[in-house]
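A.B. asks: Got a structure for you, work20.txt, holding compact mmCIF, C-alpha atoms.
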# COMPACT_ATOMS: atom_id res chain seq x y z
CA MET A 1 44.07 17.79 -8.38
CA GLY A 2 45.71 17.46 -11.76
CA ALA A 3 46.75 20.45 -13.79
CA ARG A 4 44.05 21.63 -16.16
CA SER A 5 44.00 23.57 -19.39
CA PHE A 6 40.95 25.45 -20.62
CA ILE A 7 39.56 26.60 -23.93
CA GLY A 8 37.99 30.03 -23.67
CA SER A 9 38.63 33.64 -22.80
CA ARG A 10 42.01 34.46 -21.27
CA HIS A 11 40.51 36.23 -18.26
CA LEU A 12 37.98 33.45 -17.80
CA ILE A 13 40.81 30.90 -17.86
CA ALA A 14 42.64 32.75 -15.10
CA TRP A 15 39.46 32.89 -13.01
CA CYS A 16 38.83 29.15 -13.47
CA GLU A 17 42.42 28.27 -12.58
CA LEU A 18 42.19 30.38 -9.42
CA THR A 19 38.95 28.64 -8.46
CA LEU A 20 40.52 25.21 -8.92
CA LEU A 21 43.60 26.15 -6.91
CA ARG A 22 41.36 27.22 -4.05
CA GLY A 23 39.88 23.77 -3.88
CA GLY A 24 36.99 23.93 -6.31
CA ALA A 25 35.31 20.65 -7.24
CA ALA A 26 36.61 18.74 -10.26
CA CYS A 27 34.42 19.25 -13.29
CA SER A 28 34.38 18.56 -16.99
CA ASN A 29 32.39 21.66 -18.01
CA ILE A 30 32.41 25.05 -16.32
CA ARG A 31 29.79 27.64 -17.13
CA ALA A 32 30.77 31.21 -16.36
CA ALA A 33 28.95 34.45 -17.03
CA THR A 34 30.92 37.09 -18.91
CA LEU A 35 30.15 40.58 -20.09
CA PHE A 36 29.13 39.17 -23.47
CA GLY A 37 26.78 36.49 -22.16
CA THR A 38 27.16 32.92 -21.03
CA MET A 39 30.24 31.05 -22.21
CA GLU A 40 30.75 27.32 -21.88
CA VAL A 41 34.36 26.44 -21.11
CA LEU A 42 35.66 22.93 -21.50
CA ALA A 43 38.08 21.87 -18.78
CA ILE A 44 40.59 19.23 -19.81
CA ASP A 45 42.66 17.08 -17.53
CA ALA A 46 46.27 17.32 -18.64
CA ASN A 47 46.89 13.70 -17.57
CA ASP A 48 44.41 12.42 -20.15
CA PRO A 49 46.01 11.97 -23.61
CA ALA A 50 42.72 12.61 -25.42
CA HIS A 51 39.31 14.18 -24.88
CA THR A 52 36.27 14.96 -26.95
CA ALA A 53 34.66 18.31 -27.74
CA SER A 54 31.58 19.49 -29.63
CA VAL A 55 32.25 21.44 -32.81
CA THR A 56 30.03 22.75 -35.58
CA ARG A 57 30.72 21.70 -39.15
CA THR A 58 28.93 22.40 -42.41
CA LEU A 59 27.87 19.48 -44.58
CA ARG A 60 27.46 20.22 -48.29
CA LEU A 61 25.46 17.56 -50.12
CA LYS A 62 24.41 17.68 -53.75
CA VAL A 63 20.64 17.54 -54.37
CA LYS A 64 19.43 15.23 -57.12
CA SER A 65 18.06 16.84 -60.25
CA GLU A 66 14.37 15.82 -59.97
CA THR A 67 13.65 18.71 -57.56
CA ARG A 68 15.61 21.35 -59.45
CA ALA A 69 12.50 23.00 -60.95
CA TRP A 70 10.81 23.27 -57.54
CA LEU A 71 13.91 24.84 -56.00
CA ASN A 72 14.22 27.32 -58.87
CA ALA A 73 10.62 28.44 -58.27
CA ALA A 74 11.20 28.66 -54.50
CA ALA A 75 14.31 30.77 -55.11
CA ILE A 76 12.22 33.26 -57.12
CA GLU A 77 9.87 33.62 -54.14
CA VAL A 78 12.87 34.20 -51.85
CA ASN A 79 14.04 36.93 -54.23
CA VAL A 80 10.63 38.57 -53.99
CA VAL A 81 10.88 38.65 -50.19
CA TRP A 82 14.43 40.04 -50.34
CA ASN A 83 13.47 42.80 -52.79
CA TRP A 84 10.42 43.69 -50.68
CA ALA A 85 12.62 44.01 -47.60
CA ASN A 86 15.08 46.09 -49.61
CA GLU A 87 12.41 48.50 -50.80
CA THR A 88 10.63 48.73 -47.43
CA SER A 89 13.86 49.41 -45.53
CA ALA A 90 14.95 52.05 -48.04
CA LYS A 91 11.65 53.90 -47.69
CA ALA A 92 11.82 53.76 -43.89
CA ALA A 93 15.41 55.06 -43.90
CA ARG A 94 14.50 57.99 -46.18
CA PRO A 95 10.83 58.86 -45.53
CA PHE A 96 9.00 61.79 -47.10
CA THR A 97 7.96 63.01 -43.64
CA GLY A 98 8.91 62.07 -40.12
CA GLU A 99 12.01 60.63 -38.56
CA PRO A 100 14.08 58.05 -40.51
CA LYS A 101 14.22 54.54 -39.08
CA TRP A 102 16.52 51.64 -39.78
CA LEU A 103 14.32 48.56 -39.73
CA SER A 104 15.64 45.48 -37.97
CA GLY A 105 14.87 41.89 -38.85
CA PHE A 106 12.17 41.83 -36.15
CA ASP A 107 10.52 44.95 -37.64
CA LEU A 108 10.47 43.33 -41.07
CA ASP A 109 8.94 40.17 -39.57
CA LYS A 110 6.06 42.19 -38.12
CA LEU A 111 5.45 43.95 -41.44
CA SER A 112 5.51 40.67 -43.37
CA ALA A 113 3.05 38.84 -41.10
CA GLY A 114 0.58 36.80 -43.18
CA ALA A 115 2.73 36.94 -46.33
CA THR A 116 2.74 33.14 -46.65
CA GLU A 117 -0.67 33.35 -48.32
CA CYS A 118 1.03 35.00 -51.31
CA PHE A 119 3.54 32.18 -51.82
CA GLU A 120 3.06 28.57 -52.82
CA ARG A 121 6.36 27.03 -51.73
CA ILE A 122 8.13 28.91 -48.93
CA GLY A 123 6.79 29.32 -45.40
CA SER A 124 7.03 31.85 -42.61
CA ASP A 125 10.31 30.46 -41.27
CA THR A 126 12.02 31.08 -44.62
CA ILE A 127 10.59 34.62 -44.78
CA GLN A 128 11.90 35.35 -41.27
CA LEU A 129 15.36 34.07 -42.14
CA VAL A 130 15.46 36.19 -45.31
CA ASN A 131 14.48 39.27 -43.30
CA ALA A 132 17.11 38.56 -40.66
CA GLU A 133 19.83 37.98 -43.27
CA TYR A 134 18.90 41.19 -45.10
CA ALA A 135 19.04 43.23 -41.87
CA VAL A 136 22.49 41.83 -41.03
CA LYS A 137 23.87 42.49 -44.53
CA ARG A 138 22.49 46.03 -44.67
CA ARG A 139 23.85 46.87 -41.22
CA ALA A 140 27.29 45.58 -42.23
CA ALA A 141 27.23 47.57 -45.49
CA LYS A 142 25.94 50.72 -43.69
CA ARG A 143 23.67 51.51 -46.61
CA SER A 144 19.97 52.20 -46.82
CA ARG A 145 19.56 49.91 -49.84
CA LEU A 146 21.38 46.82 -51.06
CA ARG A 147 21.50 45.25 -54.53
CA TRP A 148 18.33 43.71 -55.87
CA ARG A 149 18.14 39.96 -56.34
CA VAL A 150 17.47 39.24 -60.03
CA SER A 151 15.41 36.15 -60.87
CA ARG A 152 15.80 35.97 -64.65
CA GLY A 153 18.20 36.95 -67.39
CA ALA A 154 21.94 36.71 -67.88
CA ARG A 155 22.66 38.54 -64.60
CA ARG A 156 20.31 36.55 -62.41
CA SER A 157 21.26 35.90 -58.82
CA LEU A 158 22.20 32.38 -57.77
CA GLY A 159 19.38 30.60 -55.99
CA TRP A 160 19.19 30.58 -52.20
CA VAL A 161 16.45 29.08 -50.00
CA PRO A 162 17.13 29.24 -46.21
CA PHE A 163 15.24 27.18 -43.65
CA LYS A 164 15.16 26.48 -39.93
CA ALA A 165 16.15 23.18 -38.38
CA ALA A 166 12.56 22.13 -37.62
CA SER A 167 11.49 22.66 -41.26
CA LEU A 168 13.74 19.90 -42.62
CA ARG A 169 12.75 16.39 -41.61
CA ARG A 170 14.00 12.92 -42.43
CA LYS A 171 11.94 10.48 -44.45
CA ASP A 172 13.82 7.18 -44.79
CA LYS A 173 16.83 8.08 -46.96
CA ALA A 174 15.19 11.25 -48.25
CA LEU A 175 14.36 14.64 -46.70
CA ARG A 176 11.09 16.60 -46.49
CA PHE A 177 10.88 20.38 -46.76
CA CYS A 178 7.69 22.41 -47.28
CA GLY A 179 5.79 19.31 -48.42
CA LYS A 180 8.42 18.36 -50.98
CA THR A 181 10.67 15.27 -50.86
CA PHE A 182 14.36 15.75 -51.65
CA ARG A 183 17.00 13.15 -52.36
CA VAL A 184 20.67 13.90 -51.95
CA PHE A 185 23.87 12.12 -52.83
CA GLU A 186 25.68 10.44 -49.93
CA PRO A 187 22.67 10.37 -47.57
CA GLU A 188 24.61 8.17 -45.15
CA ARG A 189 26.52 11.26 -43.99
CA LEU A 190 23.31 12.48 -42.30
CA VAL A 191 22.83 9.34 -40.22
CA GLY A 192 22.90 10.19 -36.52
CA MET A 193 23.42 13.90 -37.21
CA LYS A 194 21.51 16.66 -35.43
CA TRP A 195 21.49 19.72 -37.65
CA ARG A 196 20.77 23.39 -37.12
CA GLN A 197 19.36 25.84 -39.64
CA GLY A 198 20.73 25.64 -43.15
CA CYS A 199 19.90 26.44 -46.75
CA PHE A 200 19.64 25.19 -50.32
CA ALA A 201 22.28 26.98 -52.41
CA GLN A 202 22.75 27.02 -56.18
CA ASP A 203 26.08 27.14 -57.99
CA ALA A 204 26.92 28.72 -61.35
CA LEU A 205 26.10 25.51 -63.25
CA GLY A 206 22.56 25.45 -61.86
CA ASP A 207 23.15 22.50 -59.50
CA TRP A 208 21.61 22.70 -56.04
CA TRP A 209 23.41 21.86 -52.80
CA LEU A 210 22.09 21.23 -49.31
CA CYS A 211 24.18 23.09 -46.73
CA LEU A 212 23.64 21.98 -43.13
CA ALA A 213 25.39 23.07 -39.94
CA VAL A 214 25.75 19.94 -37.79
CA VAL A 215 27.17 19.41 -34.31
CA VAL A 216 29.70 16.59 -34.10
CA ARG A 217 31.96 15.23 -31.39
CA VAL A 218 35.66 15.26 -32.23
CA GLU A 219 38.56 13.77 -30.34
CA GLN A 220 41.29 16.22 -29.39
CA THR A 221 44.73 14.72 -28.82
CA VAL A 222 48.19 16.14 -28.26
CA ALA A 223 50.12 16.44 -31.53
CA PRO A 224 53.31 14.36 -31.89
CA ARG A 225 55.41 17.44 -32.75
CA GLU A 226 55.58 20.78 -31.02
CA GLU A 227 55.56 23.68 -33.50
CA VAL A 228 55.96 24.68 -37.13
CA GLY A 229 56.18 27.86 -39.18
CA ILE A 230 54.59 28.17 -42.64
CA ASP A 231 55.70 30.51 -45.41
CA LEU A 232 53.21 31.24 -48.21
CA GLY A 233 54.52 31.75 -51.73
CA LEU A 234 54.03 31.24 -55.46
CA LYS A 235 56.65 28.67 -56.45
CA ASP A 236 55.18 26.51 -53.67
CA VAL A 237 51.82 27.44 -52.15
CA ALA A 238 53.14 26.75 -48.63
CA VAL A 239 56.48 25.63 -47.19
CA ALA A 240 56.85 24.45 -43.60
CA SER A 241 59.90 25.06 -41.43
CA ASP A 242 60.62 21.31 -41.44
CA GLY A 243 60.77 21.22 -45.26
CA ASP A 244 57.25 19.94 -45.97
CA ARG A 245 55.76 21.60 -49.06
CA CYS A 246 52.41 22.13 -50.72
CA ALA A 247 53.38 22.33 -54.37
CA ALA A 248 51.79 24.91 -56.66
CA GLY A 249 49.33 22.82 -58.64
CA ARG A 250 48.51 25.53 -61.23
CA PHE A 251 44.88 24.71 -60.63
CA TYR A 252 43.58 27.53 -62.86
CA ARG A 253 46.66 28.39 -64.92
CA GLY A 254 46.97 24.77 -66.07
CA ILE A 255 43.51 24.77 -67.73
CA GLU A 256 43.36 28.46 -68.62
CA HIS A 257 43.79 27.75 -72.33
CA ARG A 258 40.90 25.26 -72.27
CA ILE A 259 38.66 27.81 -70.56
CA ALA A 260 39.57 30.44 -73.14
CA GLN A 261 38.88 28.01 -76.00
CA ALA A 262 35.45 27.11 -74.57
CA GLN A 263 34.56 30.79 -74.15
CA ARG A 264 35.62 31.62 -77.73
CA HIS A 265 33.36 28.89 -79.07
CA GLY A 266 30.45 30.05 -76.92
CA HIS A 267 30.44 26.94 -74.69
CA ARG A 268 29.62 28.76 -71.48
CA ARG A 269 28.53 25.68 -69.58
CA GLN A 270 31.76 23.88 -70.41
CA ALA A 271 33.76 26.91 -69.24
CA LYS A 272 31.85 26.92 -65.95
CA ARG A 273 32.59 23.24 -65.48
CA LEU A 274 36.30 23.90 -65.97
CA TYR A 275 36.15 26.73 -63.43
CA ARG A 276 34.51 24.40 -60.92
CA LYS A 277 37.16 21.76 -61.62
CA ALA A 278 39.92 24.27 -60.79
CA VAL A 279 38.15 25.25 -57.55
CA ASN A 280 37.71 21.61 -56.50
CA ARG A 281 41.35 20.75 -57.23
CA ARG A 282 42.58 23.76 -55.25
CA ARG A 283 40.29 23.00 -52.31
CA ASP A 284 41.32 19.33 -52.29
CA ALA A 285 45.06 20.12 -52.23
CA LEU A 286 44.70 22.71 -49.47
CA HIS A 287 42.48 20.42 -47.40
CA LYS A 288 45.06 17.64 -47.54
CA PHE A 289 47.99 19.91 -46.65
CA SER A 290 46.15 21.67 -43.79
CA ARG A 291 44.97 18.36 -42.33
CA ARG A 292 48.52 16.99 -42.45
CA ILE A 293 49.86 20.06 -40.63
CA VAL A 294 47.12 20.09 -37.98
CA ASP A 295 47.53 16.38 -37.24
CA ARG A 296 51.30 16.72 -36.88
CA TYR A 297 51.93 19.95 -34.93
CA GLN A 298 50.57 21.49 -31.73
CA LYS A 299 51.54 25.11 -32.50
CA ILE A 300 51.14 26.49 -36.04
CA VAL A 301 52.42 29.92 -37.15
CA VAL A 302 51.52 31.39 -40.57
CA GLY A 303 52.67 34.54 -42.34
CA ASP A 304 50.25 37.40 -43.03
CA VAL A 305 50.98 37.87 -46.74
CA SER A 306 48.08 39.78 -48.34
CA SER A 307 46.43 38.29 -51.41
CA ALA A 308 44.37 41.45 -51.98
CA GLN A 309 47.43 43.68 -52.31
CA LEU A 310 49.40 41.32 -54.54
CA ALA A 311 46.31 40.81 -56.70
CA GLN A 312 46.83 44.38 -57.94
CA THR A 313 50.17 43.46 -59.50
CA ARG A 314 51.12 41.49 -62.62
CA MET A 315 51.25 38.35 -60.45
CA ALA A 316 47.50 38.51 -59.82
CA LYS A 317 46.53 35.22 -61.53
CA SER A 318 49.19 33.20 -59.75
CA VAL A 319 48.39 34.83 -56.40
CA LEU A 320 44.67 34.11 -56.63
CA ASP A 321 45.36 30.61 -57.93
CA SER A 322 47.40 29.81 -54.81
CA GLY A 323 44.52 30.28 -52.35
CA TRP A 324 46.50 31.70 -49.40
CA GLY A 325 43.41 33.04 -47.64
CA MET A 326 41.61 29.71 -48.02
CA LEU A 327 44.59 27.86 -46.52
CA ARG A 328 44.77 30.23 -43.54
CA ARG A 329 41.05 29.77 -42.84
CA MET A 330 41.39 25.98 -43.04
CA LEU A 331 44.30 25.98 -40.61
CA GLN A 332 42.41 28.22 -38.19
CA TYR A 333 39.15 26.30 -37.97
CA LYS A 334 40.78 22.87 -38.14
CA GLY A 335 43.26 23.91 -35.47
CA GLU A 336 40.42 25.17 -33.28
CA HIS A 337 38.56 21.87 -33.65
CA ALA A 338 41.70 19.84 -32.87
CA GLY A 339 42.77 21.98 -29.91
CA ARG A 340 45.79 23.50 -31.67
CA SER A 341 47.28 26.98 -31.37
CA VAL A 342 47.24 28.83 -34.71
CA LYS A 343 48.81 32.30 -35.01
CA VAL A 344 49.19 34.74 -37.90
CA VAL A 345 52.31 36.93 -37.61
CA CYS A 346 53.97 39.65 -39.68
CA GLU A 347 56.42 38.20 -42.18
CA SER A 348 58.39 41.35 -43.05
CA TYR A 349 62.10 40.68 -43.78
CA THR A 350 61.70 36.94 -43.15
CA SER A 351 63.06 36.02 -46.60
CA CYS A 352 66.23 38.11 -46.34
CA GLY A 353 66.97 37.40 -42.67
CA CYS A 354 69.21 34.52 -41.64
CA SER A 355 67.39 32.09 -39.34
CA SER A 356 70.69 31.15 -37.66
CA CYS A 357 72.31 34.49 -36.79
CA GLY A 358 69.52 36.97 -37.63
CA SER A 359 71.53 39.17 -40.02
CA LEU A 360 69.76 40.63 -43.06
CA THR A 361 72.12 39.30 -45.74
CA GLY A 362 69.64 37.43 -47.94
CA PRO A 363 68.29 38.33 -51.39
CA ARG A 364 65.93 41.31 -51.55
CA GLY A 365 63.63 42.98 -54.02
CA VAL A 366 61.96 41.65 -57.14
CA ASN A 367 65.24 40.52 -58.68
CA GLY A 368 65.98 38.52 -55.54
CA LEU A 369 62.95 36.32 -56.08
CA ARG A 370 64.89 34.18 -58.56
CA VAL A 371 67.43 33.26 -55.86
CA ARG A 372 66.16 30.07 -54.24
CA ARG A 373 69.28 29.17 -52.21
CA TRP A 374 71.74 31.55 -50.59
CA THR A 375 74.55 31.54 -48.02
CA CYS A 376 74.78 33.95 -45.11
CA VAL A 377 77.99 36.01 -45.33
CA ASP A 378 78.13 36.46 -41.54
CA CYS A 379 77.76 32.89 -40.27
CA GLY A 380 78.26 30.89 -43.48
CA GLU A 381 75.01 28.96 -43.11
CA SER A 382 73.38 27.78 -46.37
CA HIS A 383 69.62 28.32 -46.60
CA ASP A 384 66.69 27.31 -48.75
CA ARG A 385 64.80 30.55 -49.30
CA ASP A 386 61.33 29.32 -48.33
CA VAL A 387 62.38 27.06 -45.46
CA ASN A 388 64.47 29.88 -43.99
CA ALA A 389 61.48 32.25 -44.21
CA ALA A 390 59.26 29.68 -42.47
CA ARG A 391 61.80 29.35 -39.63
CA ASN A 392 61.88 33.13 -39.21
CA ILE A 393 58.08 33.21 -39.12
CA LEU A 394 58.18 30.62 -36.34
CA ARG A 395 60.65 32.78 -34.40
CA ARG A 396 58.29 35.76 -34.66
CA ALA A 397 55.66 33.88 -32.66
CA GLU A 398 58.13 33.03 -29.89
CA VAL A 399 58.64 36.71 -28.96
CA PRO A 400 56.31 37.73 -26.07
CA ALA A 401 53.77 40.47 -26.63
CA SER A 402 55.10 44.00 -26.08
CA VAL A 403 53.93 45.71 -22.89
CA SER A 404 55.93 48.94 -22.80
CA GLY A 405 56.52 49.09 -26.55
CA ASN A 406 60.33 49.04 -26.51
CA GLU A 407 61.07 45.30 -26.70
CA SER A 408 63.51 44.26 -29.40
CA SER A 409 62.50 42.20 -32.44
CA PRO A 410 63.98 38.74 -33.12
CA LEU A 411 65.11 40.01 -36.52
CA PRO A 412 67.13 43.17 -37.06
CA VAL A 413 65.38 46.04 -38.80
CA LEU A 414 66.73 47.46 -42.03
CA PRO A 415 68.34 50.90 -41.65
CA SER A 416 66.27 53.80 -42.87
CA ARG A 417 67.11 54.97 -46.37
CA VAL A 418 68.15 58.61 -45.86
CA SER A 419 69.86 60.46 -48.68
CA GLY A 420 73.28 62.01 -48.29
CA SER A 421 71.92 65.55 -48.59
CA SER A 422 69.40 64.89 -45.80
CA GLN A 423 72.15 63.53 -43.55
CA ALA A 424 74.31 66.57 -44.33
CA GLY A 425 71.46 68.93 -43.53
CA THR A 426 70.83 67.16 -40.24
CA GLU A 427 74.53 67.42 -39.33
CA LYS A 428 74.56 71.16 -40.07
CA ALA A 429 71.48 71.69 -37.93
CA ARG A 430 73.13 69.86 -35.02
CA ARG A 431 76.26 71.99 -35.32
CA ALA A 432 74.21 75.19 -35.46
CA ALA A 433 72.35 74.15 -32.33
Render the structure in this file as structure tokens.
C.D. replies:
Amino acid sequence: MGARSFIGSRHLIAWCELTLLRGGAACSNIRAATLFGTMEVLAIDANDPAHTASVTRTLRLKVKSETRAWLNAAAIEVNVVWNWANETSAKAARPFTGEPKWLSGFDLDKLSAGATECFERIGSDTIQLVNAEYAVKRRAAKRSRLRWRVSRGARRSLGWVPFKAASLRRKDKALRFCGKTFRVFEPERLVGMKWRQGCFAQDALGDWWLCLAVVVRVEQTVAPREEVGIDLGLKDVAVASDGDRCAAGRFYRGIEHRIAQAQRHGHRRQAKRLYRKAVNRRRDALHKFSRRIVDRYQKIVVGDVSSAQLAQTRMAKSVLDSGWGMLRRMLQYKGEHAGRSVKVVCESYTSCGCSSCGSLTGPRGVNGLRVRRWTCVDCGESHDRDVNAARNILRRAEVPASVSGNESSPLPVLPSRVSGSSQAGTEKARRAA
């Protein structure tokens, strides 16, 4: 029997490999019960260069403008359901008498039975999904009451109309939902697709989008190259250990003056269009770079630089304009779909450490950011700052996980900064002892 590799839990993989070594029958799908439920594990023959797997993707299609008024009215009804669930749950959590109770989505469904008679556009499936979403959000926030959804005014909430898979049906090139026909751009993308539950979502410009979770079959092949490390930065959004770069496109900073001019003249809609243009340009550049990396490498290692922490500094605009978190998410889900290994590792001291000898002789601190090339004084190797950091990030992933806690790091650790007086006091204490 050929060697097999599995996608799934680590313990489940070991159990499946043991079963196969004992002479289990060859199979393409193995179902095994775990503590968390039933998990489907895909077994792949290592002799086959390619195989297919089922993955879930989200299609986002723009809805044509003739149904915008109907969707706006349906969104107001959804807001009514949300606010009712918010008020009912708050009263149950803090009653005047009796024991407090945190209502679940099922409890809200029972209390809202027959509510479809009060609405003209949404049905019971939409009400149930709103109740379930509210219960999940409130449980995650650990609060008895969430924010109200506002239907009118300058601070109104963006429209949202959820639905179940059975509520949306095809009608030629159009779609039917709650007795209303919808037309979308690029309807050919829905041909042959089997979707799950989704929603109609509104953006800041008032345009409506159809968001559908669809199951597709993708082909997973072995990448032509083995591994790569990626360093995230500001001069370049991402730099790979082989020298490939995703240049900083200044997606927002490049049109910042146009946004400010539109806002000064009161052209709010034009300013929103410019914001959307910056978002689309950033998403397009990161999609292209992440797809190129996933198609080329089997093992991908990324640094864990925090956008939230650096957003509190004077570099906030450039940090948020780079989209580090978006790039990491793209690499993770695309790598999962393609059968790649994607890891996020600590990137401390990767910029000042030499990737050849490991000595910490590189530029440090804020003033060291202007140094883009440097030479190691120990081994004499010349380094590009970002490429060297990406190589060190790749080395971090090659170190096995610590078991006893005393394994050495691939990079030396900086000595602790202890003042001379503290060292003198420690020496006196040792002599006195």
A.B. asks: With only C-alpha atoms as the counted atoms, please give the residues lying no more than 7 Å from region 252-265 of chain A, apart from itself and same-chain residues fewer than 5 positions off, as a PDB file with C-alpha atoms, in the coordinates of the input.
C.D. replies:
ATOM      1  CA  GLN A 270      31.760  23.880 -70.410  1.00  0.00           C
ATOM      2  CA  ALA A 271      33.760  26.910 -69.240  1.00  0.00           C
ATOM      3  CA  LEU A 274      36.300  23.900 -65.970  1.00  0.00           C
ATOM      4  CA  ALA A 278      39.920  24.270 -60.790  1.00  0.00           C
ATOM      5  CA  ASP A 321      45.360  30.610 -57.930  1.00  0.00           C
TER       6      ASP A 321
END
A.B. asks: Arg364 (chain A): which residues within 12 Å, counting only C-alpha atoms, same-chain residues fewer than 2 positions away excluded, as a PyMOL selection string?
C.D. replies: chain A and resi 348-353+360-362+366-372+374+385+414
A.B. asks: If I take CA of Val184 (chain A) and CA of Lys62 (chain A), how far is one from the other in Å, to one decimal?
C.D. replies: 5.6 Å
A.B. asks: What lies within 10 Å of region 171-178 of chain A using only C-alpha atoms, ignoring chain neighbours under 5 positions off, as a compact mmCIF listing (two decimals) with C-alpha atoms, in the frame of the given file?
C.D. replies:
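Final output, saved to around17.txt:
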# COMPACT_ATOMS: atom_id res chain seq x y z
CA GLU A 120 3.06 28.57 -52.82
CA ARG A 121 6.36 27.03 -51.73
CA ILE A 122 8.13 28.91 -48.93
CA GLY A 123 6.79 29.32 -45.40
CA PHE A 163 15.24 27.18 -43.65
CA ALA A 166 12.56 22.13 -37.62
CA ARG A 183 17.00 13.15 -52.36
CA VAL A 184 20.67 13.90 -51.95
CA PHE A 185 23.87 12.12 -52.83
CA GLU A 186 25.68 10.44 -49.93
CA PRO A 187 22.67 10.37 -47.57
CA GLU A 188 24.61 8.17 -45.15
CA LEU A 190 23.31 12.48 -42.30
CA VAL A 191 22.83 9.34 -40.22
A.B. asks: Can you write out as a Markdown table which residues of region 134-186 of chain A fall within 10 Å of region 68-78 of chain A, alongside each residue's closest atom pair and its distance in Å to one decimal, counting only C-alpha atoms and ordering rows by chain and ascending residue number?
C.D. replies:
| residue | atom | partner | partner_atom | distance |
| --- | --- | --- | --- | --- |
| A:Arg149 | CA | A:Ile76 | CA | 9.0 |
| A:Val150 | CA | A:Ile76 | CA | 8.5 |
| A:Ser151 | CA | A:Ile76 | CA | 5.7 |
| A:Arg152 | CA | A:Ile76 | CA | 8.8 |
| A:Ser157 | CA | A:Ala75 | CA | 9.4 |
| A:Leu158 | CA | A:Ala75 | CA | 8.5 |
| A:Gly159 | CA | A:Ala75 | CA | 5.1 |
| A:Trp160 | CA | A:Ala75 | CA | 5.7 |
| A:Val161 | CA | A:Ala75 | CA | 5.8 |
| A:Pro162 | CA | A:Val78 | CA | 8.6 |
| A:Lys180 | CA | A:Trp70 | CA | 8.5 |
| A:Phe182 | CA | A:Arg68 | CA | 9.7 |
A.B. asks: Quick one: write out the picked residues with C-alpha atoms as a compact mmCIF listing (two decimals), in the frame of the given file?
C.D. replies:
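Done, and the output landed in part22.txt:
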# COMPACT_ATOMS: atom_id res chain seq x y z
CA ARG A 149 18.14 39.96 -56.34
CA VAL A 150 17.47 39.24 -60.03
CA SER A 151 15.41 36.15 -60.87
CA ARG A 152 15.80 35.97 -64.65
CA SER A 157 21.26 35.90 -58.82
CA LEU A 158 22.20 32.38 -57.77
CA GLY A 159 19.38 30.60 -55.99
CA TRP A 160 19.19 30.58 -52.20
CA VAL A 161 16.45 29.08 -50.00
CA PRO A 162 17.13 29.24 -46.21
CA LYS A 180 8.42 18.36 -50.98
CA PHE A 182 14.36 15.75 -51.65
A.B. asks: Restricting the calculation to only C-alpha atoms: of A:Lys343, A:Arg268, A:His383, A:Arg281, which residue gets closest to Arg395 (chain A)?
C.D. replies: A:Lys343
A.B. asks: Could you tell me how far CA of Arg196 (chain A) sits from CA of Ala135 (chain A), in Å to one decimal place?
C.D. replies: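 Answer for the CA of Ala135 (chain A) to CA of Arg196 (chain A) separation: 20.5 Å.
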A.B. asks: Taking (53.7, 35.7, -41.2) in the file's own coordinates, collect the residues within 7 Å, counting all atoms listed in the file, and hand them back as a tab-separated table (two decimals) with C-alpha atoms, in the coordinates of the input.
C.D. replies:
chain	number	residue	atom	x	y	z
A	231	ASP	CA	55.70	30.51	-45.41
A	302	VAL	CA	51.52	31.39	-40.57
A	303	GLY	CA	52.67	34.54	-42.34
A	304	ASP	CA	50.25	37.40	-43.03
A	305	VAL	CA	50.98	37.87	-46.74
A	344	VAL	CA	49.19	34.74	-37.90
A	345	VAL	CA	52.31	36.93	-37.61
A	346	CYS	CA	53.97	39.65	-39.68
A	347	GLU	CA	56.42	38.20	-42.18
A	393	ILE	CA	58.08	33.21	-39.12
A.B. asks: For Gln197 (chain A), please output as a list in words all residues within 10 Å (counting all atoms listed in the file; exclusion window: fewer than 3 positions along the same chain).
C.D. replies: Leu129, Pro162, Phe163, Lys164, Ala165, Ala166, Ser167, Leu168, Cys211, Leu212, Ala213 and Val214 of chain A
A.B. asks: One decimal, Å: what's the distance from CA of Ala316 (chain A) over to CA of Gly229 (chain A), could you say?
C.D. replies: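 A separation of 24.8 Å between them.
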A.B. asks: With a distance cut-off of 10 Å and only C-alpha atoms, select the neighbouring residues of Ala115 (chain A), excluding the residue or stretch itself and same-chain residues fewer than 5 positions from it, and output the selection as a list in words.
C.D. replies: Val81, Asp109, Gly123, Ser124 and Ile127 of chain A
A.B. asks: Looking at A:Ser104, A:Arg245, A:Ala311, A:Val301, which one is nearest to Lys137 (chain A), with distances taken over all atoms listed in the file?
C.D. replies: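 The shortest atom-to-atom distance to Lys137 (chain A) comes from A:Ser104.
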A.B. asks: Could you tell me which of A:Cys354, A:Trp148, A:Ser290, A:Phe96 comes closest to Arg328 (chain A) if we count only C-alpha atoms?
C.D. replies: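 With only C-alpha atoms as the atom set, the closest residue is A:Ser290.
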A.B. asks: Could the centre and edge lengths of an axis-aligned box, enclosing all atoms of region 266-278 of chain A in the file with 6 Å extra on each side, be given in Å to one decimal as lines of an AutoDock Vina configuration file?
C.D. replies:
center_x = 34.2
center_y = 25.9
center_z = -68.9
size_x = 23.4
size_y = 20.3
size_z = 28.1
A.B. asks: Using all atoms listed in the file, can you tell me which of A:Val63, A:Cys379, A:Cys246, A:Val218 comes closest to Glu336 (chain A)?
C.D. replies: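 With all atoms listed in the file as the atom set, the closest residue is A:Val218.
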A.B. asks: Measuring atom to atom with all atoms listed in the file, identify which of A:Asp125, A:Gly339, A:Ala238, A:Asn392 is nearest to Gly198 (chain A).
C.D. replies: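 Of the candidates, the smallest distance to Gly198 (chain A) is held by A:Asp125.
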